[in-house]
Structures are given as structure tokens and as C-alpha cells.
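Chemist: run_25.cif (mmCIF, N, CA and C atoms) pasted underneath:
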data_structure
#
loop_
_atom_site.label_atom_id
_atom_site.label_comp_id
_atom_site.auth_asym_id
_atom_site.auth_seq_id
_atom_site.Cartn_x
_atom_site.Cartn_y
_atom_site.Cartn_z
N MET A 284 173.10 94.98 176.25
CA MET A 284 172.86 96.41 176.29
C MET A 284 174.15 97.19 175.98
N LEU A 285 175.27 96.68 176.47
CA LEU A 285 176.53 97.39 176.27
C LEU A 285 176.92 97.46 174.79
N LYS A 286 176.71 96.36 174.05
CA LYS A 286 177.03 96.37 172.61
C LYS A 286 176.18 97.38 171.88
N PHE A 287 174.90 97.47 172.24
CA PHE A 287 173.99 98.42 171.61
C PHE A 287 174.45 99.85 171.88
N LYS A 288 174.76 100.15 173.14
CA LYS A 288 175.20 101.51 173.49
C LYS A 288 176.50 101.86 172.78
N PHE A 289 177.43 100.91 172.72
CA PHE A 289 178.68 101.17 172.03
C PHE A 289 178.44 101.43 170.55
N LEU A 290 177.57 100.64 169.93
CA LEU A 290 177.25 100.83 168.52
C LEU A 290 176.67 102.23 168.27
N LEU A 291 175.79 102.68 169.15
CA LEU A 291 175.21 104.02 168.99
C LEU A 291 176.27 105.09 169.12
N TRP A 292 177.19 104.93 170.06
CA TRP A 292 178.28 105.89 170.25
C TRP A 292 179.18 105.89 169.01
N ALA A 293 179.56 104.69 168.55
CA ALA A 293 180.46 104.57 167.40
C ALA A 293 179.83 105.11 166.12
N PHE A 294 178.52 105.01 166.00
CA PHE A 294 177.80 105.47 164.82
C PHE A 294 178.11 106.95 164.54
N ALA A 295 178.07 107.79 165.56
CA ALA A 295 178.34 109.21 165.38
C ALA A 295 179.78 109.43 164.90
N HIS A 296 180.70 108.67 165.45
CA HIS A 296 182.11 108.81 165.06
C HIS A 296 182.34 108.34 163.62
N LEU A 297 181.67 107.26 163.23
CA LEU A 297 181.78 106.78 161.85
C LEU A 297 181.21 107.81 160.87
N LEU A 298 180.07 108.40 161.23
CA LEU A 298 179.48 109.43 160.36
C LEU A 298 180.40 110.63 160.24
N GLN A 299 180.96 111.08 161.35
CA GLN A 299 181.82 112.25 161.32
C GLN A 299 183.08 111.98 160.48
N ARG A 300 183.63 110.79 160.62
CA ARG A 300 184.80 110.43 159.81
C ARG A 300 184.46 110.42 158.33
N LYS A 301 183.28 109.88 157.99
CA LYS A 301 182.86 109.83 156.58
C LYS A 301 182.63 111.25 156.04
N ILE A 302 182.07 112.12 156.85
CA ILE A 302 181.85 113.51 156.43
C ILE A 302 183.18 114.19 156.12
N ARG A 303 184.19 113.94 156.96
CA ARG A 303 185.51 114.55 156.75
C ARG A 303 186.24 113.96 155.54
N SER A 304 186.02 112.67 155.27
CA SER A 304 186.82 112.02 154.23
C SER A 304 186.13 111.91 152.87
N ASN A 305 184.83 112.13 152.81
CA ASN A 305 184.09 111.96 151.56
C ASN A 305 183.39 113.27 151.19
N PRO A 306 183.88 113.95 150.16
CA PRO A 306 183.28 115.24 149.78
C PRO A 306 181.78 115.15 149.44
N ASP A 307 181.36 114.02 148.85
CA ASP A 307 179.93 113.87 148.54
C ASP A 307 179.10 113.81 149.82
N CYS A 308 179.61 113.09 150.81
CA CYS A 308 178.91 113.00 152.10
C CYS A 308 178.89 114.37 152.78
N ALA A 309 180.00 115.09 152.71
CA ALA A 309 180.07 116.43 153.31
C ALA A 309 179.04 117.36 152.67
N ARG A 310 178.90 117.28 151.33
CA ARG A 310 177.89 118.11 150.65
C ARG A 310 176.48 117.69 151.07
N TYR A 311 176.28 116.39 151.26
CA TYR A 311 174.96 115.87 151.62
C TYR A 311 174.48 116.44 152.96
N VAL A 312 175.38 116.61 153.91
CA VAL A 312 174.98 117.09 155.24
C VAL A 312 175.21 118.59 155.44
N ASP A 313 175.85 119.23 154.47
CA ASP A 313 176.32 120.60 154.63
C ASP A 313 175.29 121.57 155.20
N THR A 314 174.10 121.60 154.65
CA THR A 314 173.11 122.57 155.10
C THR A 314 172.00 121.96 155.95
N LYS A 315 172.11 120.69 156.23
CA LYS A 315 171.05 120.00 156.98
C LYS A 315 171.16 120.31 158.46
N LYS A 316 170.03 120.60 159.06
CA LYS A 316 169.94 120.77 160.51
C LYS A 316 168.89 119.78 160.99
N LEU A 317 169.30 118.83 161.83
CA LEU A 317 168.42 117.73 162.19
C LEU A 317 168.78 117.19 163.56
N VAL A 318 167.76 116.90 164.36
CA VAL A 318 167.93 116.21 165.64
C VAL A 318 167.11 114.94 165.56
N PHE A 319 167.75 113.81 165.83
CA PHE A 319 167.03 112.54 165.85
C PHE A 319 167.59 111.67 166.96
N GLN A 320 166.89 110.59 167.24
CA GLN A 320 167.37 109.69 168.29
C GLN A 320 167.15 108.24 167.92
N ILE A 321 168.01 107.41 168.49
CA ILE A 321 167.91 105.97 168.36
C ILE A 321 167.83 105.43 169.78
N ARG A 322 166.82 104.62 170.04
CA ARG A 322 166.56 104.20 171.41
C ARG A 322 165.97 102.80 171.48
N THR A 323 165.80 102.34 172.70
CA THR A 323 165.06 101.09 172.93
C THR A 323 163.70 101.47 173.49
N ALA A 324 162.79 100.51 173.48
CA ALA A 324 161.44 100.75 174.02
C ALA A 324 161.52 101.08 175.51
N SER A 325 162.54 100.57 176.20
CA SER A 325 162.68 100.84 177.64
C SER A 325 163.27 102.22 177.93
N GLY A 326 163.73 102.94 176.90
CA GLY A 326 164.18 104.31 177.11
C GLY A 326 165.67 104.55 177.03
N ALA A 327 166.48 103.53 176.84
CA ALA A 327 167.92 103.74 176.67
C ALA A 327 168.17 104.20 175.24
N GLY A 328 169.00 105.21 175.08
CA GLY A 328 169.25 105.66 173.72
C GLY A 328 170.22 106.80 173.63
N ARG A 329 170.31 107.34 172.44
CA ARG A 329 171.27 108.40 172.15
C ARG A 329 170.62 109.40 171.20
N THR A 330 170.95 110.66 171.38
CA THR A 330 170.46 111.74 170.54
C THR A 330 171.59 112.19 169.61
N TYR A 331 171.24 112.45 168.37
CA TYR A 331 172.20 112.89 167.36
C TYR A 331 171.76 114.25 166.83
N VAL A 332 172.73 115.13 166.64
CA VAL A 332 172.47 116.47 166.12
C VAL A 332 173.35 116.68 164.90
N LEU A 333 172.74 116.93 163.76
CA LEU A 333 173.47 117.30 162.55
C LEU A 333 173.26 118.80 162.36
N GLN A 334 174.38 119.50 162.30
CA GLN A 334 174.29 120.95 162.14
C GLN A 334 175.64 121.47 161.66
N ASP A 335 175.63 122.42 160.75
CA ASP A 335 176.85 123.04 160.24
C ASP A 335 177.82 122.00 159.68
N GLY A 336 177.31 120.97 159.03
CA GLY A 336 178.15 119.98 158.40
C GLY A 336 178.85 119.04 159.36
N ALA A 337 178.37 118.92 160.58
CA ALA A 337 178.99 118.06 161.57
C ALA A 337 177.93 117.26 162.32
N VAL A 338 178.37 116.16 162.93
CA VAL A 338 177.49 115.30 163.72
C VAL A 338 177.98 115.33 165.16
N ARG A 339 177.06 115.53 166.08
CA ARG A 339 177.36 115.40 167.51
C ARG A 339 176.34 114.41 168.07
N SER A 340 176.73 113.74 169.13
CA SER A 340 175.78 112.86 169.79
C SER A 340 175.97 112.95 171.28
N SER A 341 174.91 112.60 171.99
CA SER A 341 174.98 112.58 173.45
C SER A 341 174.08 111.47 173.97
N ALA A 342 174.48 110.91 175.08
CA ALA A 342 173.66 109.88 175.71
C ALA A 342 172.35 110.51 176.17
N GLY A 343 171.29 109.75 176.11
CA GLY A 343 169.99 110.26 176.54
C GLY A 343 169.12 110.61 175.36
N LEU A 344 167.93 111.08 175.68
CA LEU A 344 166.92 111.33 174.66
C LEU A 344 166.58 112.80 174.56
N SER A 345 166.15 113.20 173.38
CA SER A 345 165.76 114.57 173.10
C SER A 345 164.28 114.76 173.38
N ALA A 346 163.94 115.96 173.78
CA ALA A 346 162.53 116.27 174.04
C ALA A 346 161.74 116.41 172.74
N ASP A 347 162.41 116.81 171.65
CA ASP A 347 161.70 117.09 170.41
C ASP A 347 162.51 116.68 169.18
N PRO A 348 162.73 115.38 168.99
CA PRO A 348 163.49 114.95 167.80
C PRO A 348 162.62 115.00 166.55
N ALA A 349 163.28 115.14 165.40
CA ALA A 349 162.55 115.09 164.13
C ALA A 349 162.02 113.69 163.88
N PHE A 350 162.79 112.67 164.28
CA PHE A 350 162.32 111.30 164.18
C PHE A 350 163.04 110.45 165.21
N THR A 351 162.45 109.28 165.48
CA THR A 351 163.00 108.34 166.44
C THR A 351 162.96 106.94 165.85
N LEU A 352 164.07 106.23 165.99
CA LEU A 352 164.12 104.81 165.69
C LEU A 352 164.11 104.11 167.04
N SER A 353 163.05 103.37 167.30
CA SER A 353 162.88 102.72 168.61
C SER A 353 162.88 101.21 168.43
N PHE A 354 163.84 100.54 169.08
CA PHE A 354 163.98 99.09 168.98
C PHE A 354 163.35 98.42 170.19
N SER A 355 162.79 97.24 170.00
CA SER A 355 162.10 96.54 171.08
C SER A 355 163.06 96.18 172.21
N THR A 356 164.28 95.78 171.88
CA THR A 356 165.29 95.43 172.89
C THR A 356 166.65 95.90 172.38
N PRO A 357 167.62 96.03 173.28
CA PRO A 357 168.97 96.37 172.82
C PRO A 357 169.54 95.30 171.87
N ALA A 358 169.25 94.03 172.13
CA ALA A 358 169.75 92.96 171.27
C ALA A 358 169.20 93.09 169.86
N LYS A 359 167.90 93.38 169.73
CA LYS A 359 167.30 93.56 168.40
C LYS A 359 167.87 94.80 167.73
N GLY A 360 168.08 95.86 168.49
CA GLY A 360 168.68 97.07 167.93
C GLY A 360 170.06 96.80 167.36
N PHE A 361 170.88 96.09 168.13
CA PHE A 361 172.22 95.75 167.67
C PHE A 361 172.16 94.88 166.43
N GLU A 362 171.28 93.88 166.46
CA GLU A 362 171.14 92.96 165.33
C GLU A 362 170.76 93.70 164.04
N ILE A 363 169.80 94.58 164.14
CA ILE A 363 169.31 95.29 162.95
C ILE A 363 170.31 96.34 162.48
N LEU A 364 170.87 97.11 163.40
CA LEU A 364 171.79 98.17 163.02
C LEU A 364 173.12 97.64 162.49
N SER A 365 173.51 96.46 162.90
CA SER A 365 174.80 95.93 162.45
C SER A 365 174.66 94.90 161.33
N ALA A 366 173.46 94.71 160.83
CA ALA A 366 173.23 93.73 159.76
C ALA A 366 173.94 94.13 158.48
N LYS A 367 174.50 93.16 157.79
CA LYS A 367 175.17 93.43 156.51
C LYS A 367 174.14 93.83 155.44
N ASP A 368 172.93 93.29 155.54
CA ASP A 368 171.86 93.63 154.60
C ASP A 368 170.97 94.69 155.25
N ALA A 369 171.49 95.91 155.36
CA ALA A 369 170.87 96.97 156.16
C ALA A 369 169.41 97.23 155.80
N GLN A 370 169.12 97.50 154.55
CA GLN A 370 167.74 97.85 154.19
C GLN A 370 166.77 96.70 154.44
N PRO A 371 167.06 95.47 154.01
CA PRO A 371 166.14 94.37 154.33
C PRO A 371 166.01 94.14 155.84
N ALA A 372 167.10 94.33 156.59
CA ALA A 372 167.05 94.16 158.04
C ALA A 372 166.10 95.19 158.66
N PHE A 373 166.15 96.42 158.19
CA PHE A 373 165.24 97.45 158.70
C PHE A 373 163.80 97.09 158.37
N LEU A 374 163.57 96.64 157.15
CA LEU A 374 162.20 96.27 156.76
C LEU A 374 161.68 95.09 157.57
N ARG A 375 162.53 94.09 157.81
CA ARG A 375 162.13 92.97 158.66
C ARG A 375 161.82 93.46 160.07
N GLY A 376 162.64 94.37 160.58
CA GLY A 376 162.43 94.91 161.93
C GLY A 376 161.11 95.66 162.03
N VAL A 377 160.79 96.44 161.03
CA VAL A 377 159.51 97.16 161.02
C VAL A 377 158.36 96.18 160.95
N GLY A 378 158.48 95.18 160.08
CA GLY A 378 157.42 94.17 159.92
C GLY A 378 157.17 93.38 161.19
N SER A 379 158.22 93.07 161.92
CA SER A 379 158.07 92.27 163.15
C SER A 379 157.81 93.15 164.38
N LYS A 380 157.77 94.44 164.20
CA LYS A 380 157.58 95.42 165.28
C LYS A 380 158.78 95.48 166.24
N ASP A 381 159.93 94.93 165.80
CA ASP A 381 161.15 95.09 166.59
C ASP A 381 161.75 96.47 166.38
N LEU A 382 161.28 97.17 165.35
CA LEU A 382 161.69 98.54 165.07
C LEU A 382 160.44 99.37 164.78
N VAL A 383 160.29 100.43 165.53
CA VAL A 383 159.19 101.37 165.31
C VAL A 383 159.81 102.71 164.96
N ILE A 384 159.38 103.26 163.83
CA ILE A 384 159.89 104.54 163.35
C ILE A 384 158.79 105.57 163.53
N SER A 385 159.11 106.65 164.22
CA SER A 385 158.12 107.71 164.42
C SER A 385 158.74 109.05 164.05
N GLY A 386 157.90 109.99 163.67
CA GLY A 386 158.37 111.32 163.33
C GLY A 386 158.21 111.61 161.85
N ASP A 387 158.99 112.55 161.38
CA ASP A 387 158.92 113.04 160.01
C ASP A 387 159.60 112.05 159.05
N PHE A 388 158.82 111.39 158.23
CA PHE A 388 159.37 110.37 157.35
C PHE A 388 160.23 110.95 156.23
N ARG A 389 160.07 112.22 155.91
CA ARG A 389 160.98 112.85 154.94
C ARG A 389 162.39 112.87 155.52
N ASP A 390 162.50 113.17 156.81
CA ASP A 390 163.81 113.16 157.46
C ASP A 390 164.35 111.75 157.59
N VAL A 391 163.47 110.78 157.81
CA VAL A 391 163.90 109.38 157.87
C VAL A 391 164.49 108.96 156.52
N LEU A 392 163.83 109.32 155.43
CA LEU A 392 164.35 108.99 154.10
C LEU A 392 165.68 109.70 153.84
N TRP A 393 165.79 110.96 154.26
CA TRP A 393 167.05 111.67 154.12
C TRP A 393 168.16 110.93 154.91
N PHE A 394 167.82 110.49 156.10
CA PHE A 394 168.76 109.77 156.96
C PHE A 394 169.20 108.46 156.29
N GLN A 395 168.30 107.77 155.64
CA GLN A 395 168.67 106.55 154.92
C GLN A 395 169.70 106.86 153.85
N GLY A 396 169.53 108.00 153.19
CA GLY A 396 170.52 108.43 152.21
C GLY A 396 171.88 108.67 152.86
N LEU A 397 171.87 109.24 154.04
CA LEU A 397 173.12 109.48 154.77
C LEU A 397 173.80 108.16 155.14
N THR A 398 173.02 107.21 155.64
CA THR A 398 173.63 105.94 156.05
C THR A 398 174.17 105.16 154.86
N SER A 399 173.68 105.44 153.67
CA SER A 399 174.22 104.74 152.49
C SER A 399 175.69 105.08 152.28
N PHE A 400 176.15 106.24 152.77
CA PHE A 400 177.56 106.58 152.67
C PHE A 400 178.42 105.66 153.53
N LEU A 401 177.82 105.02 154.53
CA LEU A 401 178.57 104.12 155.42
C LEU A 401 178.70 102.71 154.87
N GLN A 402 177.94 102.40 153.84
CA GLN A 402 177.98 101.06 153.25
C GLN A 402 179.27 100.90 152.46
N PRO A 403 179.90 99.72 152.56
CA PRO A 403 181.11 99.51 151.75
C PRO A 403 180.75 99.51 150.27
N PRO A 404 181.67 99.95 149.42
CA PRO A 404 181.37 99.96 147.99
C PRO A 404 181.15 98.54 147.49
N ARG A 405 180.21 98.40 146.59
CA ARG A 405 179.90 97.08 146.05
C ARG A 405 180.92 96.72 144.99
N VAL A 406 181.54 95.61 145.19
CA VAL A 406 182.52 95.12 144.23
C VAL A 406 181.79 94.18 143.27
N ILE A 407 181.88 94.50 142.00
CA ILE A 407 181.21 93.67 141.00
C ILE A 407 182.27 92.79 140.36
N ALA A 408 182.11 91.51 140.53
CA ALA A 408 183.07 90.57 139.97
C ALA A 408 182.88 90.48 138.46
N ALA A 409 183.93 90.05 137.79
CA ALA A 409 183.91 89.95 136.32
C ALA A 409 182.77 89.06 135.85
N TRP A 410 182.51 87.97 136.55
CA TRP A 410 181.44 87.08 136.10
C TRP A 410 180.07 87.70 136.30
N ASP A 411 179.93 88.66 137.24
CA ASP A 411 178.66 89.36 137.40
C ASP A 411 178.38 90.27 136.21
N ARG A 412 179.41 90.70 135.56
CA ARG A 412 179.25 91.60 134.41
C ARG A 412 179.19 90.84 133.10
N GLY A 413 179.20 89.50 133.18
CA GLY A 413 179.08 88.69 131.98
C GLY A 413 180.35 88.58 131.18
N LEU A 414 181.49 88.85 131.81
CA LEU A 414 182.75 88.79 131.08
C LEU A 414 183.28 87.37 130.94
N PHE A 415 182.75 86.44 131.71
CA PHE A 415 183.23 85.05 131.64
C PHE A 415 182.08 84.10 131.42
#
Let me see whether you can do it: turn the structure in this file into C-alpha cells.

Modeler:
Amino acid sequence: MLKFKFLLWAFAHLLQRKIRSNPDCARYVDTKKLVFQIRTASGAGRTYVLQDGAVRSSAGLSADPAFTLSFSTPAKGFEILSAKDAQPAFLRGVGSKDLVISGDFRDVLWFQGLTSFLQPPRVIAAWDRGLF
């Protein structure tokens, strides 16, 4: 449970750092106003607020989030959120019911775009480009 809670706390800080350091990310969130939460089925979680080009988070749950990512257990939440293959991990989680997504799916898709800024840049090796 502690690793999951720490990951949720760190997530807001990573997003805020990316917003400050990446002009494209800053433009992406500039006019967005959004409240969402990430939680476990048992009710442990964190609320995130995007407003005025900044991210804030607080422990606990919101009464009216735009969307919720709900994980079956803290261990599954940590596993899925920290996976190197983020998109396939989310799809596997949804398929196995270890992740339930509720709320406005337009905002969920927007959020996926935001999290793509956190992915490390893909390095294409010379042999991948057919140079060797």
C-alpha cells in the first residue's frame, strides 16, 4: 500500500516538473480545468486538480471527479502505473478487471495524452532505421 500511495504522490510532482520544463506540455494543460482521482477498490486514493496550467493533488477522494481510475488492489495499481509498457499494461488491467475506468472518457483520453509527456523519448537505433 505504501508504494502505491508514494507513486500517486510522486505522480503529481512529476507532472508539475514536466509542465515547468516542457513548453509543449505546458501548452497542453494551459487552459484545461479537470478534477480526477486514482484509487483502489477499497477507497484509498488521491485527487488531482489541473487548473491554470498547474497540477495539485491531495490525499483522499473527490465527491465529483471527471473520471476515476480504480485499481483492484494497491499492488495491482502500482504494477500497472509503473509498467514500462504503459498503454498495454492499462489495457491488460482493464481486460482483467484490475483497473476500472469510470467517468468522462473524453477526459480519460486527454489524460492519456498528458501522461505521454512523462514517457522517456524513444531512442531509435541505427539498425532500426535500416542503416546497417

Chemist: With only C-alpha atoms as the counted atoms, please give the residues lying no more than 9 Å from segment 299-304 of chain A, apart from itself and same-chain residues fewer than 3 positions off, as a PyMOL selection string.

Modeler: chain A and resi 294-296+307-312+336-339+400-401

Chemist: Could you pull out all residues of segment 295-403 of chain A with a DSSP call of strand (DSSP E) and give them as an mmCIF file with N, CA and C atoms, in the frame of the given file?

Modeler:
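Result went into out.cif, see below:
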data_model
loop_
_atom_site.group_PDB
_atom_site.id
_atom_site.type_symbol
_atom_site.label_atom_id
_atom_site.label_comp_id
_atom_site.auth_asym_id
_atom_site.auth_seq_id
_atom_site.Cartn_x
_atom_site.Cartn_y
_atom_site.Cartn_z
ATOM 1 N N LEU A 317 169.300 118.830 161.830
ATOM 2 C CA LEU A 317 168.420 117.730 162.190
ATOM 3 C C LEU A 317 168.780 117.190 163.560
ATOM 4 N N VAL A 318 167.760 116.900 164.360
ATOM 5 C CA VAL A 318 167.930 116.210 165.640
ATOM 6 C C VAL A 318 167.110 114.940 165.560
ATOM 7 N N PHE A 319 167.750 113.810 165.830
ATOM 8 C CA PHE A 319 167.030 112.540 165.850
ATOM 9 C C PHE A 319 167.590 111.670 166.960
ATOM 10 N N GLN A 320 166.890 110.590 167.240
ATOM 11 C CA GLN A 320 167.370 109.690 168.290
ATOM 12 C C GLN A 320 167.150 108.240 167.920
ATOM 13 N N ILE A 321 168.010 107.410 168.490
ATOM 14 C CA ILE A 321 167.910 105.970 168.360
ATOM 15 C C ILE A 321 167.830 105.430 169.780
ATOM 16 N N ARG A 322 166.820 104.620 170.040
ATOM 17 C CA ARG A 322 166.560 104.200 171.410
ATOM 18 C C ARG A 322 165.970 102.800 171.480
ATOM 19 N N THR A 323 165.800 102.340 172.700
ATOM 20 C CA THR A 323 165.060 101.090 172.930
ATOM 21 C C THR A 323 163.700 101.470 173.490
ATOM 22 N N GLY A 328 169.000 105.210 175.080
ATOM 23 C CA GLY A 328 169.250 105.660 173.720
ATOM 24 C C GLY A 328 170.220 106.800 173.630
ATOM 25 N N ARG A 329 170.310 107.340 172.440
ATOM 26 C CA ARG A 329 171.270 108.400 172.150
ATOM 27 C C ARG A 329 170.620 109.400 171.200
ATOM 28 N N THR A 330 170.950 110.660 171.380
ATOM 29 C CA THR A 330 170.460 111.740 170.540
ATOM 30 C C THR A 330 171.590 112.190 169.610
ATOM 31 N N TYR A 331 171.240 112.450 168.370
ATOM 32 C CA TYR A 331 172.200 112.890 167.360
ATOM 33 C C TYR A 331 171.760 114.250 166.830
ATOM 34 N N VAL A 332 172.730 115.130 166.640
ATOM 35 C CA VAL A 332 172.470 116.470 166.120
ATOM 36 C C VAL A 332 173.350 116.680 164.900
ATOM 37 N N LEU A 333 172.740 116.930 163.760
ATOM 38 C CA LEU A 333 173.470 117.300 162.550
ATOM 39 C C LEU A 333 173.260 118.800 162.360
ATOM 40 N N GLN A 334 174.380 119.500 162.300
ATOM 41 C CA GLN A 334 174.290 120.950 162.140
ATOM 42 C C GLN A 334 175.640 121.470 161.660
ATOM 43 N N ALA A 337 178.370 118.920 160.580
ATOM 44 C CA ALA A 337 178.990 118.060 161.570
ATOM 45 C C ALA A 337 177.930 117.260 162.320
ATOM 46 N N VAL A 338 178.370 116.160 162.930
ATOM 47 C CA VAL A 338 177.490 115.300 163.720
ATOM 48 C C VAL A 338 177.980 115.330 165.160
ATOM 49 N N ARG A 339 177.060 115.530 166.080
ATOM 50 C CA ARG A 339 177.360 115.400 167.510
ATOM 51 C C ARG A 339 176.340 114.410 168.070
ATOM 52 N N SER A 340 176.730 113.740 169.130
ATOM 53 C CA SER A 340 175.780 112.860 169.790
ATOM 54 C C SER A 340 175.970 112.950 171.280
ATOM 55 N N SER A 341 174.910 112.600 171.990
ATOM 56 C CA SER A 341 174.980 112.580 173.450
ATOM 57 C C SER A 341 174.080 111.470 173.970
ATOM 58 N N ALA A 342 174.480 110.910 175.080
ATOM 59 C CA ALA A 342 173.660 109.880 175.710
ATOM 60 C C ALA A 342 172.350 110.510 176.170
ATOM 61 N N PHE A 350 162.790 112.670 164.280
ATOM 62 C CA PHE A 350 162.320 111.300 164.180
ATOM 63 C C PHE A 350 163.040 110.450 165.210
ATOM 64 N N THR A 351 162.450 109.280 165.480
ATOM 65 C CA THR A 351 163.000 108.340 166.440
ATOM 66 C C THR A 351 162.960 106.940 165.850
ATOM 67 N N LEU A 352 164.070 106.230 165.990
ATOM 68 C CA LEU A 352 164.120 104.810 165.690
ATOM 69 C C LEU A 352 164.110 104.110 167.040
ATOM 70 N N SER A 353 163.050 103.370 167.300
ATOM 71 C CA SER A 353 162.880 102.720 168.610
ATOM 72 C C SER A 353 162.880 101.210 168.430
ATOM 73 N N PHE A 354 163.840 100.540 169.080
ATOM 74 C CA PHE A 354 163.980 99.090 168.980
ATOM 75 C C PHE A 354 163.350 98.420 170.190
ATOM 76 N N LEU A 382 161.280 97.170 165.350
ATOM 77 C CA LEU A 382 161.690 98.540 165.070
ATOM 78 C C LEU A 382 160.440 99.370 164.780
ATOM 79 N N VAL A 383 160.290 100.430 165.530
ATOM 80 C CA VAL A 383 159.190 101.370 165.310
ATOM 81 C C VAL A 383 159.810 102.710 164.960
ATOM 82 N N ILE A 384 159.380 103.260 163.830
ATOM 83 C CA ILE A 384 159.890 104.540 163.350
ATOM 84 C C ILE A 384 158.790 105.570 163.530
ATOM 85 N N SER A 385 159.110 106.650 164.220
ATOM 86 C CA SER A 385 158.120 107.710 164.420
ATOM 87 C C SER A 385 158.740 109.050 164.050
ATOM 88 N N GLY A 386 157.900 109.990 163.670
ATOM 89 C CA GLY A 386 158.370 111.320 163.330
ATOM 90 C C GLY A 386 158.210 111.610 161.850
#

Chemist: Convert the output of the PyMOL selection byres (((chain A and resi 346 and name CA) around 12) and name CA) on the shown file into explicit residues, formatted as a list of chain:residue names.

Modeler: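 Applying the PyMOL selection byres (((chain A and resi 346 and name CA) around 12) and name CA) to the structure shown produces A:Val318, A:Phe319, A:Gln320, A:Arg329, A:Thr330, A:Gly343, A:Leu344, A:Ser345, A:Asp347, A:Pro348, A:Ala349, A:Phe350, A:Thr351.
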
Chemist: To verify the selection step, state as number ranges by chain which residues the PyMOL selection byres (((chain A and resi 376-385 and name CA) around 8) and name CA) yields on this input.

Modeler: A: 350-356, 359-360, 363, 372-375, 386-388

Chemist: Starting from 5 Å padding per side, set up an axis-aligned box that covers all listed atoms of segment 335-350 of chain A and hand over centre and edge lengths in Å, one decimal, as AutoDock Vina command-line options.

Modeler:
--center_x 170.3 --center_y 116.4 --center_z 167.5 --size_x 27.3 --size_y 23.3 --size_z 28.1

Chemist: Rounded to one decimal, what separation in Å do you get between atom N of Gln370 of chain A and atom C of Ser325 of chain A?

Modeler: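 Atom-to-atom, atom N of Gln370 of chain A to atom C of Ser325 of chain A, that is 24.6 Å.
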
Chemist: Assuming the chain letters and numbering stay as they are in my file, what does the PyMOL selection byres (((chain A and resi 357 and name CA) around 9) and name CA) actually select? List them as a list in words.

Modeler: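 The output of the PyMOL selection byres (((chain A and resi 357 and name CA) around 9) and name CA) on this file is Met284, Leu285, Lys286, Phe287, Lys288, Arg322, Thr323, Ala324, Ala327, Phe354, Ser355, Thr356, Ala358, Lys359, Gly360, Phe361 and Glu362 of chain A.
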